[in-house]
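What's in coords.cif: mmCIF, C-alpha atoms and all ligand atoms
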```
data_coords
loop_
_atom_site.label_atom_id
_atom_site.label_comp_id
_atom_site.auth_asym_id
_atom_site.auth_seq_id
_atom_site.Cartn_x
_atom_site.Cartn_y
_atom_site.Cartn_z
CA MET A 1 -31.67 -6.63 -30.75
CA ARG A 2 -28.13 -5.44 -31.26
CA ILE A 3 -27.38 -6.10 -27.65
CA HIS A 4 -28.74 -9.64 -27.96
CA SER A 5 -26.61 -10.45 -31.03
CA LEU A 6 -23.57 -9.00 -29.34
CA THR A 7 -24.20 -11.19 -26.31
CA VAL A 8 -24.45 -14.30 -28.51
CA ALA A 9 -21.29 -13.36 -30.40
CA LEU A 10 -19.42 -12.66 -27.18
CA SER A 11 -20.45 -15.94 -25.62
CA LEU A 12 -19.18 -17.77 -28.72
CA VAL A 13 -15.87 -15.95 -28.53
CA LEU A 14 -15.57 -16.56 -24.81
CA SER A 15 -16.42 -20.25 -25.02
CA ALA A 16 -14.10 -20.99 -27.95
CA PRO A 17 -10.91 -21.45 -25.89
CA ALA A 18 -12.74 -23.78 -23.49
CA LEU A 19 -13.77 -26.04 -26.40
CA ALA A 20 -10.19 -26.19 -27.66
CA ALA A 21 -8.66 -26.76 -24.21
CA GLN A 22 -6.15 -29.58 -23.95
CA PRO A 23 -4.99 -31.24 -20.72
CA GLN A 24 -2.32 -28.96 -19.30
CA PRO A 25 0.99 -30.30 -17.96
CA ALA A 26 1.45 -29.66 -14.22
CA ALA A 27 2.79 -26.19 -13.56
CA PRO A 28 6.44 -26.06 -12.50
CA VAL A 29 7.18 -26.11 -8.77
CA THR A 30 9.64 -23.84 -7.01
CA ALA A 31 11.08 -24.99 -3.68
CA ILE A 32 12.65 -22.46 -1.34
CA ARG A 33 14.99 -23.62 1.41
CA ALA A 34 14.70 -21.09 4.25
CA GLY A 35 17.43 -21.15 6.90
CA ARG A 36 15.12 -19.25 9.23
CA LEU A 37 11.45 -18.47 8.63
CA VAL A 38 9.85 -15.66 10.63
CA ASP A 39 6.16 -15.61 11.48
CA PRO A 40 5.48 -11.99 12.44
CA ALA A 41 2.00 -12.82 13.76
CA THR A 42 3.47 -14.92 16.58
CA GLY A 43 6.94 -13.35 16.68
CA THR A 44 8.57 -16.77 16.27
CA VAL A 45 11.29 -18.26 14.05
CA ALA A 46 11.30 -21.74 12.55
CA ILE A 47 14.60 -23.29 11.42
CA ASN A 48 15.33 -25.06 8.11
CA GLN A 49 11.96 -24.81 6.43
CA VAL A 50 10.95 -25.77 2.92
CA ILE A 51 8.42 -23.60 1.07
CA LEU A 52 6.78 -24.87 -2.11
CA VAL A 53 5.32 -22.54 -4.74
CA GLN A 54 3.18 -23.44 -7.75
CA ASN A 55 1.04 -21.27 -10.01
CA GLY A 56 2.10 -18.18 -8.10
CA ARG A 57 0.87 -19.44 -4.74
CA PHE A 58 2.31 -21.20 -1.72
CA THR A 59 1.34 -24.88 -1.68
CA ALA A 60 3.27 -26.19 1.33
CA VAL A 61 5.40 -24.87 4.20
CA GLY A 62 7.25 -26.88 6.84
CA SER A 63 10.38 -28.74 7.91
CA ASN A 64 9.23 -32.12 6.58
CA VAL A 65 8.01 -30.99 3.17
CA THR A 66 9.33 -33.18 0.35
CA ILE A 67 10.78 -31.34 -2.65
CA PRO A 68 9.20 -32.90 -5.75
CA PRO A 69 11.53 -34.14 -8.50
CA GLY A 70 12.16 -31.50 -11.12
CA ALA A 71 11.41 -28.59 -8.80
CA GLN A 72 13.51 -25.47 -9.14
CA VAL A 73 15.32 -25.10 -5.82
CA ILE A 74 16.18 -21.67 -4.42
CA ASP A 75 18.65 -21.91 -1.58
CA LEU A 76 18.03 -19.26 1.08
CA SER A 77 19.44 -21.46 3.85
CA GLY A 78 21.83 -18.68 4.87
CA LEU A 79 19.07 -16.07 5.13
CA THR A 80 16.02 -15.19 7.20
CA VAL A 81 12.80 -15.45 5.18
CA LEU A 82 9.75 -13.43 6.11
CA PRO A 83 6.51 -12.15 4.55
CA GLY A 84 6.62 -8.99 2.44
CA LEU A 85 6.37 -5.53 3.99
CA VAL A 86 3.45 -3.10 3.77
CA ASP A 87 3.59 0.67 3.49
CA ALA A 88 0.07 1.64 4.49
CA HIS A 89 0.30 5.17 3.10
CA ASN A 90 2.32 6.32 0.13
CA HIS A 91 1.79 8.29 -3.07
CA LEU A 92 3.75 6.55 -5.79
CA ALA A 93 2.70 8.96 -8.55
CA LEU A 94 3.90 11.99 -6.63
CA THR A 95 7.52 12.99 -6.18
CA TYR A 96 8.03 16.49 -4.93
CA LYS A 97 11.51 17.83 -4.45
CA GLU A 98 13.60 20.77 -3.30
CA MET A 99 14.30 22.03 -6.83
CA PRO A 100 12.43 23.63 -8.42
CA GLU A 101 9.30 23.51 -6.24
CA ARG A 102 10.82 23.70 -2.74
CA ASN A 103 8.90 20.59 -1.72
CA SER A 104 5.50 22.18 -2.35
CA TYR A 105 3.36 19.51 -3.98
CA TYR A 106 0.83 22.09 -5.11
CA ILE A 107 3.57 23.26 -7.49
CA THR A 108 4.44 19.65 -8.36
CA SER A 109 0.85 19.01 -9.40
CA ILE A 110 1.12 21.91 -11.86
CA LEU A 111 4.57 20.98 -13.18
CA ASP A 112 4.12 17.23 -13.60
CA ASP A 113 1.37 15.88 -15.86
CA THR A 114 -0.35 12.57 -15.19
CA PRO A 115 1.53 10.61 -17.90
CA LEU A 116 4.87 11.61 -16.38
CA ARG A 117 3.56 10.83 -12.90
CA ALA A 118 2.33 7.41 -14.02
CA ILE A 119 5.87 6.63 -15.18
CA GLN A 120 7.21 7.91 -11.85
CA ALA A 121 4.73 5.58 -10.15
CA ALA A 122 5.98 2.60 -12.12
CA SER A 123 9.56 3.44 -11.15
CA ASN A 124 8.69 4.17 -7.51
CA GLY A 125 6.78 0.89 -7.31
CA ILE A 126 9.83 -1.02 -8.51
CA GLN A 127 11.97 0.83 -5.96
CA MET A 128 9.53 -0.07 -3.19
CA LEU A 129 9.45 -3.73 -4.21
CA ALA A 130 13.26 -3.85 -4.26
CA ALA A 131 13.21 -2.64 -0.64
CA GLY A 132 10.85 -5.48 0.34
CA PHE A 133 7.47 -3.72 0.17
CA THR A 134 5.09 -6.16 -1.52
CA ILE A 135 1.94 -4.15 -0.69
CA VAL A 136 1.52 -0.37 -0.90
CA ARG A 137 -1.66 1.48 -0.04
CA ASP A 138 -1.57 4.36 -2.49
CA MET A 139 -3.67 7.07 -0.91
CA GLY A 140 -4.38 9.67 -3.57
CA ASN A 141 -2.42 12.65 -4.93
CA ASN A 142 -1.68 10.60 -8.01
CA GLY A 143 -2.85 12.92 -10.78
CA HIS A 144 -5.73 11.59 -12.83
CA TYR A 145 -5.92 8.04 -11.38
CA ALA A 146 -2.30 7.04 -12.08
CA ASP A 147 -2.53 4.84 -8.97
CA ILE A 148 -5.28 2.70 -10.47
CA ALA A 149 -3.41 2.48 -13.79
CA LEU A 150 -0.36 1.31 -11.87
CA ARG A 151 -2.33 -1.41 -10.12
CA LYS A 152 -3.70 -2.63 -13.43
CA ALA A 153 -0.29 -2.58 -15.14
CA ILE A 154 1.26 -4.63 -12.35
CA GLU A 155 -1.63 -7.09 -12.11
CA GLN A 156 -1.90 -7.60 -15.85
CA GLY A 157 1.83 -8.39 -16.05
CA TRP A 158 3.35 -5.39 -17.82
CA ILE A 159 5.77 -4.38 -15.07
CA PRO A 160 6.89 -5.54 -11.62
CA GLY A 161 5.68 -3.76 -8.52
CA PRO A 162 3.98 -4.17 -5.16
CA THR A 163 0.29 -5.02 -4.92
CA ILE A 164 -1.27 -1.57 -5.00
CA ILE A 165 -4.33 -0.69 -2.92
CA PRO A 166 -5.35 2.49 -4.76
CA SER A 167 -7.73 5.12 -3.44
CA GLY A 168 -8.19 7.04 -6.67
CA LEU A 169 -8.72 10.76 -6.19
CA ILE A 170 -8.88 12.10 -2.65
CA ILE A 171 -12.40 13.34 -1.97
CA GLY A 172 -12.54 16.66 -0.15
CA GLY A 173 -14.44 19.88 0.08
CA LEU A 174 -13.79 22.55 -2.52
CA GLY A 175 -10.04 23.06 -2.90
CA GLY A 176 -8.96 19.80 -1.34
CA GLN A 177 -5.69 20.31 0.50
CA PHE A 178 -4.74 23.25 -1.70
CA SER A 179 -5.20 26.97 -1.10
CA PRO A 180 -5.44 28.21 -4.67
CA ASN A 181 -6.16 31.82 -5.59
CA PRO A 182 -9.50 32.55 -7.32
CA GLU A 183 -8.20 32.42 -10.89
CA MET A 184 -6.40 29.15 -10.30
CA ALA A 185 -9.31 27.57 -8.45
CA PHE A 186 -12.29 28.71 -10.51
CA ASP A 187 -11.02 29.79 -13.95
CA LYS A 188 -8.22 27.33 -14.53
CA ASN A 189 -9.49 24.43 -12.41
CA ILE A 190 -5.95 24.07 -11.12
CA VAL A 191 -7.01 22.01 -8.12
CA TYR A 192 -7.85 19.19 -10.49
CA PRO A 193 -7.30 16.34 -11.08
CA GLU A 194 -5.59 16.20 -7.68
CA TYR A 195 -8.86 16.30 -5.70
CA LEU A 196 -12.49 15.37 -6.20
CA ASP A 197 -14.90 17.99 -4.84
CA ALA A 198 -17.76 16.91 -2.63
CA ASP A 199 -19.41 19.58 -0.50
CA THR A 200 -22.95 18.25 -0.19
CA PRO A 201 -24.47 14.81 0.50
CA ASP A 202 -25.34 14.34 -3.20
CA GLU A 203 -21.79 15.19 -4.19
CA ILE A 204 -20.40 12.82 -1.55
CA ILE A 205 -22.41 9.92 -2.96
CA LYS A 206 -21.41 10.76 -6.53
CA ALA A 207 -17.73 11.14 -5.67
CA VAL A 208 -17.59 7.76 -3.92
CA ARG A 209 -19.31 6.12 -6.88
CA ARG A 210 -16.91 7.78 -9.34
CA ASN A 211 -13.87 6.36 -7.57
CA ALA A 212 -15.49 2.94 -7.13
CA LEU A 213 -16.48 2.88 -10.81
CA VAL A 214 -12.93 3.29 -12.05
CA GLY A 215 -11.33 0.79 -9.71
CA ALA A 216 -10.54 2.33 -6.31
CA ARG A 217 -9.94 -0.30 -3.62
CA VAL A 218 -10.34 2.11 -0.72
CA ILE A 219 -11.88 5.58 -0.38
CA LYS A 220 -9.71 8.43 0.88
CA ILE A 221 -11.32 11.57 2.25
CA CYS A 222 -10.11 14.87 3.65
CA VAL A 223 -11.93 15.06 6.99
CA ASP A 224 -10.65 18.48 8.05
CA CYS A 225 -8.40 19.90 5.36
CA LYS A 226 -10.39 23.11 5.61
CA PRO A 227 -11.74 24.61 8.87
CA TRP A 228 -15.29 23.65 7.92
CA GLY A 229 -14.41 20.08 6.97
CA TYR A 230 -16.91 17.24 7.09
CA THR A 231 -19.41 16.73 9.90
CA THR A 232 -19.70 13.39 11.66
CA ASP A 233 -22.85 12.64 9.67
CA GLU A 234 -21.12 13.47 6.39
CA VAL A 235 -18.27 11.12 7.29
CA ARG A 236 -20.87 8.46 8.08
CA LEU A 237 -22.38 9.01 4.64
CA PHE A 238 -18.99 8.31 3.07
CA VAL A 239 -18.72 5.12 5.10
CA SER A 240 -22.19 3.84 4.19
CA GLU A 241 -21.92 4.73 0.50
CA ALA A 242 -18.44 3.18 0.21
CA ALA A 243 -19.73 0.04 1.94
CA LYS A 244 -22.20 -0.49 -0.90
CA ALA A 245 -19.17 -0.90 -3.18
CA GLY A 246 -17.40 -3.08 -0.62
CA LEU A 247 -14.91 -0.33 0.17
CA LYS A 248 -13.53 1.01 3.42
CA VAL A 249 -12.77 4.69 4.08
CA GLU A 250 -9.53 6.26 5.22
CA GLY A 251 -9.60 9.81 6.54
CA HIS A 252 -6.86 12.38 6.31
CA VAL A 253 -7.09 14.03 9.73
CA GLN A 254 -5.03 16.98 10.91
CA THR A 255 -6.92 18.40 13.91
CA VAL A 256 -8.17 16.98 17.22
CA ALA A 257 -11.71 18.12 16.36
CA GLY A 258 -11.48 16.33 13.03
CA ALA A 259 -10.16 13.21 14.74
CA HIS A 260 -13.15 13.20 17.10
CA ARG A 261 -15.56 13.34 14.14
CA ALA A 262 -13.59 10.65 12.30
CA VAL A 263 -13.55 8.15 15.15
CA GLU A 264 -17.17 8.86 16.07
CA ALA A 265 -18.21 8.12 12.49
CA GLY A 266 -16.19 4.91 12.60
CA LEU A 267 -13.67 5.30 9.81
CA TRP A 268 -11.62 2.23 8.82
CA SER A 269 -8.29 4.03 9.15
CA ILE A 270 -6.91 7.44 9.98
CA ALA A 271 -3.92 8.95 8.25
CA HIS A 272 -1.38 11.19 10.03
CA ASP A 273 -0.87 11.85 13.71
CA ASN A 274 -1.59 15.58 13.95
CA GLY A 275 -5.03 15.08 15.49
CA MET A 276 -4.04 12.19 17.74
CA ASN A 277 -4.06 12.24 21.53
CA ASP A 278 -4.60 9.79 24.37
CA THR A 279 -8.40 10.11 24.24
CA ILE A 280 -8.55 9.54 20.49
CA HIS A 281 -6.22 6.56 20.82
CA LYS A 282 -8.46 4.94 23.41
CA ILE A 283 -11.47 5.25 21.09
CA MET A 284 -9.45 3.93 18.14
CA ALA A 285 -8.36 0.90 20.16
CA GLU A 286 -11.91 0.22 21.30
CA LYS A 287 -13.35 0.54 17.78
CA ARG A 288 -10.26 -1.04 16.21
CA ILE A 289 -9.62 1.86 13.86
CA PHE A 290 -6.27 1.51 12.09
CA ARG A 291 -3.69 4.24 12.63
CA ALA A 292 -1.54 5.13 9.64
CA GLY A 293 0.36 7.81 11.50
CA THR A 294 2.97 8.56 8.78
CA GLU A 295 5.70 9.15 11.37
CA THR A 296 8.46 11.10 9.60
CA PRO A 297 11.91 10.45 11.12
CA ILE A 298 14.13 13.38 12.06
CA SER A 299 16.86 11.79 9.93
CA LEU A 300 14.94 12.86 6.79
CA VAL A 301 16.20 16.39 7.19
CA GLY A 302 13.76 19.12 6.21
CA HIS A 303 10.67 16.90 6.33
CA THR A 304 9.90 17.37 10.02
CA THR A 305 11.11 19.58 12.88
CA ASP A 306 12.54 18.73 16.29
CA ALA A 307 9.36 19.74 18.10
CA ARG A 308 7.13 17.97 15.63
CA TYR A 309 9.26 14.84 15.80
CA GLN A 310 9.20 14.71 19.60
CA ARG A 311 5.41 14.83 19.50
CA THR A 312 5.26 12.20 16.76
CA VAL A 313 7.45 9.82 18.78
CA ALA A 314 5.43 10.39 21.97
CA MET A 315 2.10 9.85 20.18
CA LEU A 316 3.31 6.69 18.46
CA ARG A 317 4.36 5.35 21.86
CA ASN A 318 0.98 6.37 23.30
CA ALA A 319 -0.87 4.61 20.48
CA TRP A 320 1.11 1.42 21.05
CA GLU A 321 0.51 1.59 24.83
CA ASN A 322 -3.21 1.97 24.16
CA LYS A 323 -3.14 -1.08 21.83
CA VAL A 324 -4.29 0.85 18.78
CA PRO A 325 -3.80 -1.22 15.61
CA VAL A 326 -0.77 0.67 14.31
CA ASN A 327 0.36 0.53 10.69
CA PHE A 328 3.79 1.23 9.30
CA SER A 329 3.05 4.14 6.98
CA THR A 330 5.28 6.75 5.49
CA ASP A 331 3.68 9.35 3.24
CA ALA A 332 7.18 9.24 1.67
CA ASP A 333 6.23 11.09 -1.49
CA TYR A 334 9.36 13.17 -2.03
CA TYR A 335 12.82 12.84 -3.45
CA VAL A 336 15.74 12.43 -1.07
CA PRO A 337 18.91 12.70 -3.17
CA GLY A 338 20.89 9.49 -3.21
CA ARG A 339 18.04 7.30 -2.00
CA THR A 340 15.42 5.20 -3.73
CA ARG A 341 11.75 5.56 -2.77
CA GLY A 342 12.08 2.22 -0.96
CA GLU A 343 15.13 3.39 0.98
CA VAL A 344 13.27 6.54 2.04
CA ALA A 345 10.32 4.43 3.19
CA ILE A 346 12.42 2.00 5.25
CA GLU A 347 14.10 4.96 6.97
CA PHE A 348 10.84 5.45 8.90
CA ILE A 349 11.81 2.56 11.21
CA GLU A 350 13.93 5.19 12.98
CA THR A 351 10.82 6.80 14.45
CA TRP A 352 9.54 3.42 15.68
CA LYS A 353 12.90 2.71 17.31
CA ALA A 354 12.84 6.15 18.94
CA ALA A 355 9.39 5.38 20.35
CA ALA A 356 10.88 2.21 21.89
CA ILE A 357 8.26 -0.02 20.28
CA PRO A 358 9.33 -3.66 20.85
CA VAL A 359 10.94 -5.01 17.68
CA PRO A 360 8.40 -7.84 17.13
CA ASP A 361 5.62 -5.22 17.30
CA ILE A 362 7.38 -3.00 14.75
CA LEU A 363 7.61 -6.01 12.45
CA ARG A 364 3.92 -6.76 13.03
CA ALA A 365 3.04 -3.16 12.08
CA MET A 366 5.01 -3.64 8.87
CA THR A 367 3.37 -6.96 7.99
CA THR A 368 0.38 -8.48 9.79
CA THR A 369 -1.43 -5.24 10.64
CA GLY A 370 -0.58 -4.00 7.17
CA TYR A 371 -2.36 -6.97 5.57
CA GLU A 372 -5.37 -6.24 7.77
CA VAL A 373 -5.69 -2.60 6.78
CA SER A 374 -5.07 -3.60 3.14
CA GLU A 375 -7.78 -6.29 3.42
CA THR A 376 -5.48 -8.97 1.99
CA THR A 377 -5.34 -11.32 4.98
CA ARG A 378 -7.08 -14.09 3.06
CA THR A 379 -5.20 -13.61 -0.21
CA ARG A 380 -1.77 -12.14 0.33
CA GLY A 381 0.73 -11.60 3.11
CA PRO A 382 1.17 -14.63 5.37
CA ILE A 383 3.45 -17.41 4.10
CA ALA A 384 0.84 -20.16 4.11
CA PRO A 385 -0.66 -22.61 1.60
CA GLY A 386 -3.18 -20.98 -0.70
CA MET A 387 -1.82 -17.46 -0.36
CA PHE A 388 -0.15 -15.59 -3.22
CA ALA A 389 3.56 -16.33 -3.00
CA ASP A 390 5.16 -13.10 -1.80
CA LEU A 391 8.18 -13.20 0.51
CA ILE A 392 11.48 -11.49 1.21
CA ALA A 393 14.77 -12.54 2.78
CA VAL A 394 17.45 -10.72 4.76
CA PRO A 395 20.80 -11.76 6.27
CA GLY A 396 19.99 -10.68 9.86
CA ASN A 397 17.10 -11.43 12.20
CA PRO A 398 14.40 -8.74 12.03
CA LEU A 399 12.88 -10.01 15.30
CA GLN A 400 16.10 -8.93 17.06
CA SER A 401 17.01 -5.83 15.04
CA ILE A 402 14.50 -4.14 12.77
CA ASP A 403 17.49 -2.63 10.92
CA ALA A 404 17.90 -6.07 9.31
CA LEU A 405 15.13 -4.89 6.95
CA ARG A 406 17.49 -2.31 5.44
CA ASP A 407 19.27 -5.13 3.62
CA VAL A 408 16.67 -7.06 1.63
CA LYS A 409 18.59 -9.57 -0.52
CA PHE A 410 15.72 -11.56 -2.01
CA VAL A 411 12.18 -10.74 -3.11
CA LEU A 412 9.57 -13.18 -4.43
CA LYS A 413 6.35 -11.69 -5.83
CA ASN A 414 3.48 -13.84 -7.09
CA GLY A 415 5.89 -16.78 -7.06
CA MET A 416 8.39 -15.04 -9.36
CA VAL A 417 11.88 -14.01 -8.32
CA PHE A 418 12.21 -10.21 -8.47
CA LYS A 419 15.47 -9.83 -6.54
CA ARG A 420 18.21 -12.33 -5.80
CA ASP A 421 21.60 -11.94 -4.10
CA GLY A 422 20.75 -8.27 -3.64
CA VAL A 423 20.29 -7.64 -7.38
CA MET A 424 17.00 -7.01 -9.16
CA THR A 425 16.22 -9.79 -11.68
CA PRO A 426 12.85 -8.65 -13.02
CA ALA A 427 12.84 -10.19 -16.52
CA ALA A 428 9.90 -12.50 -15.75
CA PHE A 429 7.73 -9.49 -14.86
CA PHE A 430 7.92 -7.79 -18.26
CA ASN A 431 5.39 -9.09 -20.72
CA GLY A 432 4.33 -7.84 -24.12
CA GLY A 433 0.68 -8.17 -23.25
CA PRO A 434 -1.72 -8.66 -20.37
CA VAL A 435 -0.71 -12.18 -19.37
CA ASN A 436 -3.16 -12.13 -16.48
CA GLY A 437 -6.08 -10.90 -18.57
CA HIS A 438 -7.07 -7.39 -19.49
CA ASN A 439 -9.52 -7.13 -16.62
CA ALA A 440 -7.00 -8.03 -13.92
CA ARG A 441 -7.55 -5.75 -11.00
ZN ZN B 501 -0.41 11.30 2.22
#
```

Spit out the file's structure as structure tokens when you get a sec.
Amino acid sequence: MRIHSLTVALSLVLSAPALAAQPQPAAPVTAIRAGRLVDPATGTVAINQVILVQNGRFTAVGSNVTIPPGAQVIDLSGLTVLPGLVDAHNHLALTYKEMPERNSYYITSILDDTPLRAIQAASNGIQMLAAGFTIVRDMGNNGHYADIALRKAIEQGWIPGPTIIPSGLIIGGLGGQFSPNPEMAFDKNIVYPEYLDADTPDEIIKAVRRNALVGARVIKICVDCKPWGYTTDEVRLFVSEAAKAGLKVEGHVQTVAGAHRAVEAGLWSIAHDNGMNDTIHKIMAEKRIFRAGTETPISLVGHTTDARYQRTVAMLRNAWENKVPVNFSTDADYYVPGRTRGEVAIEFIETWKAAAIPVPDILRAMTTTGYEVSETTRTRGPIAPGMFADLIAVPGNPLQSIDALRDVKFVLKNGMVFKRDGVMTPAAFFNGGPVNGHNAR
């Protein structure tokens, strides 16, 4: 009875605005003049294009598009316009550092509480957007679901930031990626909330459902963080249970044996390159499993070694030669003094240059393949009518030199200008309430 009355009351409340609705004036139009417009999918450039935006989406793109009277015109005729960039693997609510924790994120997870990390995530998201990253797959290690809170805050209209594809807590066997001592693990629960335990099939199902329930957009698992790891059948169970919620599964893989189980089970994407080799790459290409290799450049001193870097470069080259769908991904979850999170992320192009990946293919990894792994190809990414209006602009030509992406002068997100003439102008992104509805996800 109470439920019935509540339903009636709710339907009255929900229908009230519809009854009072008045004809709305047409939403304002923004027209962008693009001197050059890059299509990363084809690796081509079109000259002197006009891009129309209304209600946060692209409505027209072309050289013969008429600018309607009264439109706000943004002149980017001296710049190269291209779709926004994707970092397919970051942790925005994690920032480990040399002092005081010597870059050990186990210590960071003890020092930094989730509220502080959520604020870090908001700041890191802004820094990523300023560097041109309009989509970030946020793959766990975010305290108690700070990644999902960040997605909601951005989507509801509280703060600017990239579109976040959050995984929620990483699901792993007991201990996750940590090696806690008995008191820390069992008496003080110090592994949590960084990881979600799942050691049996029942626990696997429950863990997937927990993350799905609270808003994860992808499931992240630790395939082989411990020597016992997950079997191929257990990985398959993750995949089938996640599929019920419409979610794909990314696996953290750090051994060749783990990689074999991951590709056999048919994961959506694999993070890190430690377990990669020519055989694994051939299977990934055949099954079209995305590779988020998180290829740390040697220029980020202290975050890789010479030997490790040489292998990373060789394996990235091997993946490209085998036609594996390769993602630009960074795992850039640490503080590099003097650099923003976005500047640290863009530094990873150095590894791709070292692997001699053709520049158009690097750009594709940072855009087109990124939209695919993020599952946004039909909503966000390409500059085409009907898509959410995200784009960036740079002075150089990123099809000739990928370093052009180090100098992002202009950023448009959801049709709103976030950065112009190299300066952040985010006023339109700060609202005193959820302008896109409290359920925006
Ligand atoms: Zn990671």

Within 9 Å of ligand ZN 501 (chain B), which residues show up when you count only C-alpha atoms and all ligand atoms? List them as a ChimeraX atom specification, please.
/A:89-91,138-141,252,271-272,294,330-333

Let me see the file: selected residues, C-alpha atoms, as an mmCIF file, keeping the file's coordinate frame.
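Listed below is the output, selection21.cif:
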```
data_model
loop_
_atom_site.group_PDB
_atom_site.id
_atom_site.type_symbol
_atom_site.label_atom_id
_atom_site.label_comp_id
_atom_site.auth_asym_id
_atom_site.auth_seq_id
_atom_site.Cartn_x
_atom_site.Cartn_y
_atom_site.Cartn_z
ATOM 1 C CA HIS A 89 0.300 5.170 3.100
ATOM 2 C CA ASN A 90 2.320 6.320 0.130
ATOM 3 C CA HIS A 91 1.790 8.290 -3.070
ATOM 4 C CA ASP A 138 -1.570 4.360 -2.490
ATOM 5 C CA MET A 139 -3.670 7.070 -0.910
ATOM 6 C CA GLY A 140 -4.380 9.670 -3.570
ATOM 7 C CA ASN A 141 -2.420 12.650 -4.930
ATOM 8 C CA HIS A 252 -6.860 12.380 6.310
ATOM 9 C CA ALA A 271 -3.920 8.950 8.250
ATOM 10 C CA HIS A 272 -1.380 11.190 10.030
ATOM 11 C CA THR A 294 2.970 8.560 8.780
ATOM 12 C CA THR A 330 5.280 6.750 5.490
ATOM 13 C CA ASP A 331 3.680 9.350 3.240
ATOM 14 C CA ALA A 332 7.180 9.240 1.670
ATOM 15 C CA ASP A 333 6.230 11.090 -1.490
#
```

Using all atoms listed in the file: which of A:Ser167, A:Ser104, A:Thr80, A:Gln54 has the shortest distance to Tyr335 (chain A):
A:Ser104

Given the point (-6.3, 10.2, 19.5) in the file's coordinates, find the residues that have an atom at most 10 Å from it, counting all atoms listed in the file, and give them as an MDAnalysis selection string.
chainID A and resid 255:256 259:260 263 270 273:285 291 315 318:319 322 324

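Closest approach to Val136 (chain A) from the set A:Glu295, A:Asp187, A:Asp87, A:Asp197 is made by A:Asp87, with distances taken over all atoms listed in the file.
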
Contacts of Val45 (chain A) within 12 Å, all atoms listed in the file, excl. fewer than 3 positions in-chain, as a PyMOL selection string
chain A and resi 34-42+48-49+62+80-82+360+397-400

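Minimum distance to Glu155 (chain A) across A:Thr425, A:Asn436, A:Thr304, A:Thr108 (counting all atoms listed in the file) occurs at A:Asn436.
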
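Proximity to Ala365 (chain A) was assessed for A:Gly293, A:Pro337, A:Gly415, A:Gly229 counting only C-alpha atoms; the smallest distance is recorded for A:Gly293.
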
Which of A:Val235, A:Ala122, A:Ala88, A:Val50 sits closest to Ser374 (chain A) [using only C-alpha atoms]
A:Ala88

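When all atoms listed in the file are used to compute distances to Leu237 (chain A), the closest of the residues A:Thr66, A:Thr200, A:Thr44, A:Thr340 turns out to be A:Thr200.
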
Within 12 Å of region 207-222 of chain A, which residues of region 273-387 of chain A show up? Give each one with its shortest atom-to-atom distance in Å (one decimal) and the two atoms involved, counting only C-alpha atoms, rows by chain then rising residue number, as CSV.
```
residue,atom,partner,partner_atom,distance
A:Val373,CA,A:Val218,CA,10.0
A:Ser374,CA,A:Val218,CA,8.7
A:Glu375,CA,A:Arg217,CA,9.5
A:Thr376,CA,A:Arg217,CA,11.2
```

Please write the residues from the selection above to a file, keeping C-alpha atoms, as a PDB file, in the frame of the given file.
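Result saved to again.pdb:
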```pdb
ATOM      1  CA  VAL A 373      -5.690  -2.600   6.780  1.00  0.00           C
ATOM      2  CA  SER A 374      -5.070  -3.600   3.140  1.00  0.00           C
ATOM      3  CA  GLU A 375      -7.780  -6.290   3.420  1.00  0.00           C
ATOM      4  CA  THR A 376      -5.480  -8.970   1.990  1.00  0.00           C
TER       5      THR A 376
END
```

Draw an axis-aligned box tight on the listed atoms of region 101-106 of chain A, then pad every side by 4 Å and write out centre and edge lengths in Å to one decimal as lines of an AutoDock Vina configuration file.
```
center_x = 5.8
center_y = 21.6
center_z = -4.0
size_x = 18.0
size_y = 12.2
size_z = 12.5
```
